[in-house]
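K.L.:
See entry.csv below, with CSV, C-alpha atoms (C1' of nucleotides).
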chain,number,residue,atom,x,y,z
A,189,MET,CA,-64.3,-126.5,17.0
A,190,ALA,CA,-61.2,-124.5,16.3
A,191,ASN,CA,-58.2,-123.5,18.3
A,192,VAL,CA,-58.6,-125.4,21.6
A,193,LYS,CA,-55.3,-125.3,23.4
A,194,SER,CA,-56.2,-127.1,26.6
A,195,LYS,CA,-56.2,-130.8,26.5
A,196,SER,CA,-59.4,-132.1,28.0
A,197,PHE,CA,-59.8,-129.0,30.2
A,198,PRO,CA,-63.1,-127.6,28.9
A,199,GLU,CA,-63.2,-123.9,27.9
A,200,GLY,CA,-66.3,-123.3,29.9
A,201,LYS,CA,-64.8,-124.8,33.1
A,202,ALA,CA,-61.7,-122.7,32.7
A,203,PHE,CA,-63.9,-119.6,32.4
A,204,GLU,CA,-65.8,-120.6,35.6
A,205,THR,CA,-62.6,-121.4,37.5
A,206,ALA,CA,-61.0,-118.1,36.5
A,207,ASP,CA,-64.1,-116.2,37.6
A,208,ARG,CA,-64.3,-118.0,40.9
A,209,LEU,CA,-60.7,-117.7,41.7
A,210,HIS,CA,-60.9,-114.0,40.9
A,211,SER,CA,-63.9,-113.5,43.1
A,212,ALA,CA,-62.5,-115.7,45.9
A,213,ALA,CA,-59.3,-113.6,45.9
A,214,ILE,CA,-61.3,-110.4,46.1
A,215,HIS,CA,-63.5,-111.6,49.0
A,216,LEU,CA,-60.6,-113.1,50.9
A,217,LEU,CA,-58.7,-109.8,50.8
A,218,ARG,CA,-61.8,-107.9,51.8
A,219,ARG,CA,-62.1,-110.1,54.9
A,220,LEU,CA,-58.5,-110.0,55.8
A,221,ARG,CA,-58.4,-106.3,55.3
A,222,VAL,CA,-60.8,-105.9,58.2
A,223,ARG,CA,-58.3,-107.5,60.6
A,224,ASP,CA,-55.3,-105.8,59.0
A,225,ARG,CA,-56.9,-102.4,59.5
A,226,GLU,CA,-56.3,-102.9,63.2
A,227,SER,CA,-52.6,-102.5,62.6
A,228,GLY,CA,-53.1,-98.9,61.2
A,229,VAL,CA,-51.1,-100.0,58.2
A,230,GLY,CA,-52.7,-100.2,54.8
A,231,PRO,CA,-52.7,-103.4,52.8
A,232,ALA,CA,-50.1,-102.3,50.2
A,233,GLN,CA,-47.8,-101.1,52.9
A,234,LEU,CA,-48.2,-104.3,54.8
A,235,SER,CA,-47.4,-106.4,51.7
A,236,ALA,CA,-44.3,-104.3,50.9
A,237,LEU,CA,-43.2,-104.5,54.5
A,238,SER,CA,-43.5,-108.3,54.4
A,239,VAL,CA,-41.2,-108.4,51.4
A,240,LEU,CA,-38.6,-106.5,53.3
A,241,VAL,CA,-39.0,-108.6,56.5
A,242,PHE,CA,-39.0,-112.0,54.8
A,243,GLY,CA,-37.0,-111.2,51.7
A,244,GLY,CA,-34.4,-108.8,53.2
A,245,PRO,CA,-33.3,-105.3,52.3
A,246,ARG,CA,-33.6,-104.0,48.7
A,247,SER,CA,-33.9,-100.9,46.6
A,248,LEU,CA,-37.1,-99.1,45.8
A,249,GLY,CA,-37.2,-100.4,42.3
A,250,GLU,CA,-36.7,-104.0,43.3
A,251,LEU,CA,-39.4,-103.6,45.8
A,252,ALA,CA,-41.7,-102.1,43.2
A,253,GLU,CA,-41.0,-105.0,40.9
A,254,ALA,CA,-41.6,-107.6,43.6
A,255,GLU,CA,-44.9,-106.0,44.4
A,256,GLN,CA,-45.8,-105.5,40.8
A,257,VAL,CA,-46.5,-101.8,41.1
A,258,ARG,CA,-44.9,-98.8,39.4
A,259,PRO,CA,-42.0,-96.9,41.0
A,260,PRO,CA,-44.1,-93.8,41.9
A,261,THR,CA,-46.6,-96.0,43.7
A,262,MET,CA,-43.9,-97.7,45.7
A,263,SER,CA,-42.3,-94.4,46.4
A,264,ARG,CA,-45.4,-93.3,48.2
A,265,ILE,CA,-46.0,-96.6,49.9
A,266,VAL,CA,-42.4,-96.5,51.3
A,267,ALA,CA,-42.9,-92.8,52.3
A,268,GLY,CA,-45.8,-94.0,54.5
A,269,LEU,CA,-43.8,-96.8,56.0
A,270,GLU,CA,-41.0,-94.4,56.8
A,271,ARG,CA,-43.3,-91.9,58.3
A,272,GLU,CA,-44.5,-94.6,60.7
A,273,GLY,CA,-40.9,-95.7,61.4
A,274,LEU,CA,-41.5,-99.2,60.0
A,275,VAL,CA,-38.8,-98.9,57.3
A,276,ARG,CA,-35.5,-97.1,57.2
A,277,ARG,CA,-33.6,-95.9,54.2
A,278,HIS,CA,-29.8,-96.2,53.8
A,279,ALA,CA,-27.3,-94.8,51.3
A,280,THR,CA,-25.5,-97.1,48.8
A,281,ASP,CA,-22.5,-96.9,46.5
A,282,ASP,CA,-24.8,-95.9,43.7
A,283,ARG,CA,-26.1,-92.7,45.1
A,284,ARG,CA,-29.2,-92.8,43.0
A,285,ARG,CA,-30.3,-95.9,44.8
A,286,VAL,CA,-31.7,-96.4,48.3
A,287,ARG,CA,-31.4,-99.5,50.5
A,288,LEU,CA,-34.7,-100.1,52.2
A,289,GLU,CA,-34.7,-102.1,55.4
A,290,ALA,CA,-37.5,-103.0,57.9
A,291,SER,CA,-37.0,-101.6,61.3
A,292,ALA,CA,-37.5,-103.5,64.6
A,293,LYS,CA,-40.9,-101.8,64.9
A,294,GLY,CA,-41.7,-102.8,61.3
A,295,ILE,CA,-40.9,-106.5,62.1
A,296,LYS,CA,-43.0,-106.4,65.2
A,297,ILE,CA,-46.0,-104.8,63.5
A,298,LEU,CA,-45.8,-107.4,60.7
A,299,GLN,CA,-45.7,-110.3,63.1
A,300,GLN,CA,-48.7,-108.9,65.0
A,301,GLY,CA,-50.6,-108.7,61.7
A,302,ARG,CA,-49.6,-112.2,60.9
A,303,LYS,CA,-51.0,-113.3,64.2
A,304,ARG,CA,-54.3,-111.6,63.7
A,305,ARG,CA,-54.6,-113.0,60.2
A,306,VAL,CA,-53.9,-116.5,61.2
A,307,GLU,CA,-56.4,-116.2,64.0
A,308,SER,CA,-59.1,-115.4,61.5
A,309,LEU,CA,-58.0,-118.1,59.1
A,310,ALA,CA,-57.8,-120.7,61.9
A,311,LYS,CA,-61.4,-119.9,62.8
A,312,ALA,CA,-62.4,-120.3,59.2
A,313,LEU,CA,-60.4,-123.6,58.9
A,314,SER,CA,-62.1,-125.1,62.0
A,315,SER,CA,-64.9,-126.4,59.8
A,316,LEU,CA,-62.5,-128.2,57.5
A,317,SER,CA,-61.4,-131.8,57.9
A,318,GLU,CA,-57.8,-132.7,58.6
A,319,LYS,CA,-57.4,-133.8,55.0
A,320,GLU,CA,-58.8,-130.5,53.7
A,321,HIS,CA,-56.3,-128.6,55.9
A,322,GLN,CA,-53.5,-130.3,54.1
A,323,GLN,CA,-55.1,-129.8,50.7
A,324,LEU,CA,-55.3,-126.1,51.4
A,325,GLY,CA,-51.5,-125.9,51.9
A,326,ASP,CA,-51.0,-127.7,48.6
A,327,PHE,CA,-53.5,-125.3,47.0
A,328,VAL,CA,-51.5,-122.3,48.1
A,329,GLU,CA,-48.4,-123.8,46.5
A,330,LEU,CA,-50.2,-124.5,43.3
A,331,LEU,CA,-51.6,-121.0,43.3
A,332,GLN,CA,-48.2,-119.5,43.8
A,333,GLN,CA,-47.0,-121.5,40.8
A,334,VAL,CA,-49.9,-120.3,38.7
A,335,ILE,CA,-49.2,-116.7,39.7
A,336,ARG,CA,-45.5,-116.9,38.8
A,337,ASN,CA,-46.6,-117.9,35.3
A,338,LEU,CA,-49.2,-115.2,35.1
B,44,MET,CA,-47.0,-126.0,74.8
B,45,ALA,CA,-50.3,-124.5,75.8
B,46,ASN,CA,-53.5,-123.6,74.0
B,47,VAL,CA,-53.2,-125.5,70.7
B,48,LYS,CA,-56.6,-125.6,69.1
B,49,SER,CA,-55.8,-127.3,65.8
B,50,LYS,CA,-55.5,-131.1,65.9
B,51,SER,CA,-52.2,-132.0,64.2
B,52,PHE,CA,-52.2,-128.8,62.1
B,53,PRO,CA,-49.1,-127.2,63.5
B,54,GLU,CA,-49.3,-123.5,64.5
B,55,GLY,CA,-46.3,-122.6,62.5
B,56,LYS,CA,-47.7,-124.1,59.4
B,57,ALA,CA,-51.0,-122.3,59.9
B,58,PHE,CA,-49.1,-119.0,60.1
B,59,GLU,CA,-47.2,-119.8,57.0
B,60,THR,CA,-50.3,-120.9,55.1
B,61,ALA,CA,-52.2,-117.8,56.1
B,62,ASP,CA,-49.3,-115.6,55.0
B,63,ARG,CA,-48.9,-117.3,51.7
B,64,LEU,CA,-52.6,-117.3,50.9
B,65,HIS,CA,-52.8,-113.6,51.7
B,66,SER,CA,-49.8,-112.8,49.6
B,67,ALA,CA,-51.0,-115.0,46.8
B,68,ALA,CA,-54.4,-113.3,46.7
B,69,ILE,CA,-52.7,-109.9,46.6
B,70,HIS,CA,-50.5,-110.8,43.7
B,71,LEU,CA,-53.1,-112.7,41.8
B,72,LEU,CA,-55.4,-109.6,41.9
B,73,ARG,CA,-52.5,-107.3,40.9
B,74,ARG,CA,-51.9,-109.4,37.8
B,75,LEU,CA,-55.5,-109.7,36.9
B,76,ARG,CA,-56.1,-106.0,37.4
B,77,VAL,CA,-53.7,-105.3,34.6
B,78,ARG,CA,-56.0,-107.1,32.2
B,79,ASP,CA,-59.1,-105.8,33.8
B,80,ARG,CA,-57.9,-102.2,33.3
B,81,GLU,CA,-58.4,-102.7,29.6
B,82,SER,CA,-62.1,-102.7,30.2
B,83,GLY,CA,-62.0,-99.2,31.6
B,84,VAL,CA,-63.9,-100.4,34.6
B,85,GLY,CA,-62.4,-100.6,38.0
B,86,PRO,CA,-62.0,-103.8,40.0
B,87,ALA,CA,-64.7,-103.0,42.5
B,88,GLN,CA,-67.1,-102.0,39.8
B,89,LEU,CA,-66.3,-105.2,37.9
B,90,SER,CA,-66.9,-107.4,40.9
B,91,ALA,CA,-70.2,-105.7,41.7
B,92,LEU,CA,-71.3,-105.9,38.1
B,93,SER,CA,-70.5,-109.6,38.2
B,94,VAL,CA,-72.9,-110.1,41.1
B,95,LEU,CA,-75.7,-108.4,39.2
B,96,VAL,CA,-75.0,-110.4,36.0
B,97,PHE,CA,-74.6,-113.8,37.6
B,98,GLY,CA,-76.8,-113.4,40.7
B,99,GLY,CA,-79.5,-111.2,39.2
B,100,PRO,CA,-81.0,-107.8,40.2
B,101,ARG,CA,-80.9,-106.7,43.8
B,102,SER,CA,-80.9,-103.6,46.0
B,103,LEU,CA,-77.9,-101.5,46.8
B,104,GLY,CA,-77.8,-102.7,50.4
B,105,GLU,CA,-77.9,-106.3,49.3
B,106,LEU,CA,-75.1,-105.7,46.8
B,107,ALA,CA,-73.1,-104.0,49.4
B,108,GLU,CA,-73.5,-107.0,51.7
B,109,ALA,CA,-72.6,-109.4,48.9
B,110,GLU,CA,-69.5,-107.4,48.2
B,111,GLN,CA,-68.6,-106.9,51.8
B,112,VAL,CA,-68.4,-103.1,51.6
B,113,ARG,CA,-70.3,-100.3,53.4
B,114,PRO,CA,-73.4,-98.8,51.7
B,115,PRO,CA,-71.7,-95.4,50.9
B,116,THR,CA,-68.9,-97.3,49.2
B,117,MET,CA,-71.3,-99.3,47.1
B,118,SER,CA,-73.4,-96.2,46.4
B,119,ARG,CA,-70.4,-94.7,44.7
B,120,ILE,CA,-69.4,-97.9,42.8
B,121,VAL,CA,-73.0,-98.1,41.5
B,122,ALA,CA,-72.9,-94.4,40.5
B,123,GLY,CA,-69.8,-95.2,38.4
B,124,LEU,CA,-71.5,-98.2,36.8
B,125,GLU,CA,-74.6,-96.1,36.0
B,126,ARG,CA,-72.5,-93.3,34.6
B,127,GLU,CA,-71.0,-95.8,32.2
B,128,GLY,CA,-74.4,-97.2,31.3
B,129,LEU,CA,-73.5,-100.7,32.7
B,130,VAL,CA,-76.2,-100.8,35.3
B,131,ARG,CA,-79.8,-99.4,35.5
B,132,ARG,CA,-81.8,-98.4,38.5
B,133,HIS,CA,-85.5,-99.2,38.8
B,134,ALA,CA,-88.2,-98.2,41.3
B,135,THR,CA,-89.6,-100.7,43.7
B,136,ASP,CA,-92.7,-100.9,46.0
B,137,ASP,CA,-90.6,-99.6,48.9
B,138,ARG,CA,-89.6,-96.3,47.5
B,139,ARG,CA,-86.5,-96.1,49.6
B,140,ARG,CA,-85.1,-99.0,47.8
B,141,VAL,CA,-83.7,-99.3,44.3
B,142,ARG,CA,-83.6,-102.3,42.1
B,143,LEU,CA,-80.2,-102.5,40.4
B,144,GLU,CA,-79.9,-104.4,37.1
B,145,ALA,CA,-77.1,-105.0,34.7
B,146,SER,CA,-77.7,-103.5,31.2
B,147,ALA,CA,-77.0,-105.4,28.0
B,148,LYS,CA,-73.8,-103.3,27.7
B,149,GLY,CA,-72.9,-104.3,31.3
B,150,ILE,CA,-73.3,-107.9,30.5
B,151,LYS,CA,-71.2,-107.6,27.4
B,152,ILE,CA,-68.4,-105.7,29.2
B,153,LEU,CA,-68.3,-108.3,31.9
B,154,GLN,CA,-68.1,-111.2,29.4
B,155,GLN,CA,-65.2,-109.5,27.6
B,156,GLY,CA,-63.4,-109.1,30.9
B,157,ARG,CA,-64.0,-112.7,31.7
B,158,LYS,CA,-62.5,-113.6,28.4
B,159,ARG,CA,-59.4,-111.6,29.0
B,160,ARG,CA,-59.0,-113.0,32.5
B,161,VAL,CA,-59.4,-116.6,31.4
B,162,GLU,CA,-56.9,-116.0,28.6
B,163,SER,CA,-54.3,-114.9,31.2
B,164,LEU,CA,-55.2,-117.7,33.5
B,165,ALA,CA,-55.2,-120.3,30.8
B,166,LYS,CA,-51.6,-119.2,29.9
B,167,ALA,CA,-50.6,-119.6,33.5
B,168,LEU,CA,-52.3,-123.0,33.7
B,169,SER,CA,-50.4,-124.3,30.7
B,170,SER,CA,-47.5,-125.3,32.9
B,171,LEU,CA,-49.7,-127.4,35.2
B,172,SER,CA,-50.4,-131.1,34.7
B,173,GLU,CA,-53.7,-132.5,33.7
B,174,LYS,CA,-54.3,-133.6,37.3
B,175,GLU,CA,-53.4,-130.2,38.7
B,176,HIS,CA,-55.9,-128.6,36.4
B,177,GLN,CA,-58.7,-130.6,37.9
B,178,GLN,CA,-57.4,-130.1,41.5
B,179,LEU,CA,-57.4,-126.3,41.0
B,180,GLY,CA,-61.2,-126.4,40.5
B,181,ASP,CA,-61.6,-128.4,43.7
B,182,PHE,CA,-59.3,-126.1,45.6
B,183,VAL,CA,-61.2,-123.0,44.5
B,184,GLU,CA,-64.3,-124.6,46.0
B,185,LEU,CA,-62.5,-125.3,49.2
B,186,LEU,CA,-61.3,-121.7,49.3
B,187,GLN,CA,-64.8,-120.4,48.8
B,188,GLN,CA,-65.9,-122.5,51.8
B,189,VAL,CA,-63.1,-121.1,53.9
B,190,ILE,CA,-64.1,-117.6,52.9
B,191,ARG,CA,-67.7,-118.2,53.8
B,192,ASN,CA,-66.5,-119.1,57.3
B,193,LEU,CA,-64.1,-116.2,57.6
C,237,DC,C1',-99.5,-89.1,64.0
C,238,DA,C1',-94.9,-88.8,66.8
C,239,DG,C1',-90.9,-91.2,67.1
C,240,DA,C1',-87.9,-95.0,65.7
C,241,DT,C1',-86.0,-97.6,62.1
C,242,DT,C1',-84.3,-98.5,57.4
C,243,DA,C1',-82.4,-97.3,52.7
C,244,DG,C1',-79.6,-94.6,50.4
C,245,DT,C1',-76.7,-90.3,49.6
C,246,DT,C1',-73.4,-86.6,50.5
C,247,DA,C1',-69.2,-84.8,52.4
C,248,DG,C1',-64.8,-85.4,53.8
C,249,DC,C1',-60.7,-88.2,54.7
C,250,DA,C1',-57.0,-91.8,53.6
C,251,DT,C1',-54.7,-95.3,50.7
C,252,DA,C1',-53.3,-96.9,46.4
C,253,DG,C1',-53.1,-97.4,41.5
C,254,DC,C1',-51.6,-94.9,37.2
C,255,DT,C1',-49.0,-91.5,33.7
C,256,DA,C1',-46.2,-87.4,32.7
C,257,DA,C1',-42.7,-84.7,33.8
C,258,DC,C1',-39.0,-83.6,36.7
C,259,DT,C1',-34.0,-84.0,39.3
C,260,DA,C1',-29.8,-86.2,40.1
C,261,DA,C1',-26.5,-89.7,39.4
C,262,DA,C1',-24.0,-92.9,36.5
C,263,DG,C1',-22.6,-94.7,32.2
C,264,DT,C1',-20.9,-93.9,27.1
C,265,DG,C1',-18.8,-92.3,23.0
C,266,DT,C1',-16.2,-89.3,20.5
D,262,DA,C1',-13.3,-83.7,28.8
D,263,DC,C1',-17.8,-83.2,28.0
D,264,DA,C1',-22.2,-83.8,25.7
D,265,DC,C1',-25.6,-87.4,25.5
D,266,DT,C1',-28.2,-91.2,27.1
D,267,DT,C1',-29.8,-94.1,30.6
D,268,DT,C1',-31.2,-95.2,35.2
D,269,DA,C1',-33.3,-94.4,40.0
D,270,DG,C1',-36.4,-92.1,42.4
D,271,DT,C1',-39.6,-88.1,43.3
D,272,DT,C1',-43.4,-84.8,42.6
D,273,DA,C1',-47.8,-83.5,40.7
D,274,DG,C1',-52.2,-84.6,39.5
D,275,DC,C1',-55.8,-87.8,38.1
D,276,DT,C1',-59.0,-91.8,39.3
D,277,DA,C1',-60.9,-95.5,42.1
D,278,DT,C1',-62.0,-97.5,46.6
D,279,DG,C1',-62.3,-98.0,51.3
D,280,DC,C1',-64.1,-95.7,55.7
D,281,DT,C1',-67.2,-92.8,59.3
D,282,DA,C1',-70.4,-89.1,60.3
D,283,DA,C1',-74.2,-86.8,59.2
D,284,DC,C1',-78.0,-86.0,56.3
D,285,DT,C1',-82.8,-86.9,53.6
D,286,DA,C1',-86.7,-89.6,52.6
D,287,DA,C1',-89.6,-93.4,53.3
D,288,DT,C1',-91.6,-96.8,56.2
D,289,DC,C1',-92.9,-98.9,60.3
D,290,DT,C1',-94.8,-98.9,65.2
D,291,DG,C1',-97.1,-97.8,69.3
Starting from the file, give its structure as structure tokens.
P.N.:
Amino acid sequence: MANVKSKSFPEGKAFETADRLHSAAIHLLRRLRVRDRESGVGPAQLSALSVLVFGGPRSLGELAEAEQVRPPTMSRIVAGLEREGLVRRHATDDRRRVRLEASAKGIKILQQGRKRRVESLAKALSSLSEKEHQQLGDFVELLQQVIRNL
Amino acid sequence: MANVKSKSFPEGKAFETADRLHSAAIHLLRRLRVRDRESGVGPAQLSALSVLVFGGPRSLGELAEAEQVRPPTMSRIVAGLEREGLVRRHATDDRRRVRLEASAKGIKILQQGRKRRVESLAKALSSLSEKEHQQLGDFVELLQQVIRNL
DNA sequence: CAGATTAGTTAGCATAGCTAACTAAAGTGT
DNA sequence: ACACTTTAGTTAGCTATGCTAACTAATCTG
């Protein structure tokens, strides 16, 4: 057997874990999207808005990088958020740049979405044990770490 | 405080976990999509194909349900897969229904995608400890259980 | 066999991803 | 000072994916 990087983490199991994680992420988002649609705000818009709400104001380029999309894509996402009055654009010293900031309405919409999402998740979590609840929290942290290294 | 369903799983923590899980899923898929684009097959097509490859042949309606999308959406996804020769359509007794089956080419494409995905994931996993590797597998299972109840 | 139900498609709309090509502003070098 | 390059963002145009409404065709039911 040549070229095995992982120490006692079998190749086949890694394949399977990657597949299942991929599939789980797809299906999780499809479910949550159903609830998020009630807000009338698309998933990409909601995600970008959440960066502005929880991470504070920033430029379009920074937002694009945070969301891992190209500038033209973020340009259109922000245009939609502005049209709905969820985000405002301010001038900066560097007149090429814009400073994007969530509006009060944007913050409110996001919190409502959060609430709907947690309602769905809470329902799904009801079948889990106390211990599993806590493991899920750890899992998310582990997952975030994995994503940062991706 | 009124109306707290969860037994010692604080409301605020549930909110945060839901948010982070949501965000993590979005970012995970964005990263994996970069690799998946190399296959020339879209994410929805890839996911549907994987159901046919690993779950065996089935009708369009069954596939739509498995993928949690509406029949017209799956109709178009399958049309794309057929156009690329990754899926074939066969007649059944009930002539309204179709039997969808992955082609040899479809199976090959999927396995190549799997390989790319696991390469990315393996790289990301390299920073995790031995123990965390194993936990990740368990956590994915837990996540699948949560999604089933969603 | 008429009417209801079921499976899938077609049409039309919106969001979201991309690249290529553009404008405008800021930085750089001679 | 001024031409050139670089950087920030937008516009145009393509594809893929989601949806609902409305359609066709086949099957079931009374």
K.L.:
So that I can see what lies close to A:Leu240, please list as a VMD selection string the residues with an atom at most 12 Å from it, counting all atoms listed in the file and leaving out residues fewer than 4 positions away in the same chain.
P.N.:
chain A and resid 233 to 236 244 to 248 250 to 252 254 to 255 266 269 274 to 277 287 to 292 294 to 295 298
K.L.:
Could you list the residues in chain B lying within 9 Å of chain C, using all atoms listed in the file, and format the result as a PyMOL selection string?
P.N.:
chain B and resi 103-104+114-115+118+138-141
K.L.:
So how far away is atom CA of B:Val96 from atom CA of B:Arg159, in Å?
P.N.:
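The value is 17.1 Å.
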K.L.:
Considering all atoms listed in the file, state which residue in the set A:Lys311, A:Arg225, A:Lys303, A:Arg258 is at the smallest distance from B:Ile190.
P.N.:
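Closest candidate: A:Lys311.
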K.L.:
Once you count all atoms listed in the file, what closest atom pair and distance in Å to one decimal does each residue of chain D within 8 Å of chain A have, with rows by chain and rising residue number, as CSV?
P.N.:
residue,atom,partner,partner_atom,distance
D:DA269,C1',A:Arg284,CA,5.3
D:DG270,C1',A:Arg284,CA,7.3
D:DT271,C1',A:Pro260,CA,7.4
K.L.:
Using all atoms listed in the file, I'd like every residue of chain A that has an atom within 7 Å of chain B; please write them out as a VMD selection string.
P.N.:
chain A and resid 202 to 203 205 to 209 212 to 213 216 to 219 256 302 305 to 306 308 to 309 311 to 313 325 327 to 328 331 to 332 334 to 335 337 to 338
K.L.:
Calculate the C-alpha RMSD, in Å to one decimal, after superposing chain B onto chain A by least squares over all C-alpha atoms paired in sequence order.
P.N.:
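C-alpha RMSD after least-squares superposition: 0.3 Å.
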K.L.:
Could you work out how far atom CA of B:Ser82 lies from atom CA of B:Gly128, giving the answer in Å with one decimal?
P.N.:
13.5 Å
K.L.:
Which distance in Å separates atom CA of A:Arg223 and atom CA of A:Ser317, to one decimal?
P.N.:
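If I compute the distance from atom CA of A:Arg223 to atom CA of A:Ser317, I get 24.6 Å.
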K.L.:
Between A:Lys296, A:Val229, A:Asp224, A:Gly243, single out the one closest to A:Arg271, counting only C-alpha atoms.
P.N.:
A:Val229
K.L.:
Write out N, CA and C atoms for stretch 131-143 of chain B, as a compact mmCIF listing (two decimals), in the frame of the given file.
P.N.:
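What follows is the written file selection09.txt:
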# COMPACT_ATOMS: atom_id res chain seq x y z
N ARG B 131 -78.61 -100.28 35.43
CA ARG B 131 -79.80 -99.40 35.50
C ARG B 131 -80.45 -99.53 36.81
N ARG B 132 -81.12 -98.47 37.20
CA ARG B 132 -81.80 -98.40 38.50
C ARG B 132 -83.28 -98.30 38.26
N HIS B 133 -84.05 -99.19 38.93
CA HIS B 133 -85.50 -99.20 38.80
C HIS B 133 -86.18 -98.93 40.11
N ALA B 134 -87.39 -98.39 40.06
CA ALA B 134 -88.20 -98.20 41.30
C ALA B 134 -88.72 -99.48 41.79
N THR B 135 -89.00 -99.51 43.10
CA THR B 135 -89.60 -100.70 43.70
C THR B 135 -90.82 -100.23 44.53
N ASP B 136 -91.54 -101.18 45.10
CA ASP B 136 -92.70 -100.90 46.00
C ASP B 136 -92.23 -99.97 47.10
N ASP B 137 -91.21 -100.44 47.79
CA ASP B 137 -90.60 -99.60 48.90
C ASP B 137 -89.78 -98.55 48.19
N ARG B 138 -90.28 -97.33 48.27
CA ARG B 138 -89.60 -96.30 47.50
C ARG B 138 -88.31 -95.82 48.03
N ARG B 139 -87.89 -96.39 49.17
CA ARG B 139 -86.50 -96.10 49.60
C ARG B 139 -85.54 -96.91 48.84
N ARG B 140 -85.97 -98.10 48.48
CA ARG B 140 -85.10 -99.00 47.80
C ARG B 140 -84.94 -98.83 46.33
N VAL B 141 -83.82 -99.32 45.80
CA VAL B 141 -83.70 -99.30 44.30
C VAL B 141 -83.41 -100.75 43.90
N ARG B 142 -83.83 -101.02 42.68
CA ARG B 142 -83.60 -102.30 42.10
C ARG B 142 -82.50 -102.13 41.05
N LEU B 143 -81.33 -102.71 41.29
CA LEU B 143 -80.20 -102.50 40.40
C LEU B 143 -80.13 -103.71 39.41
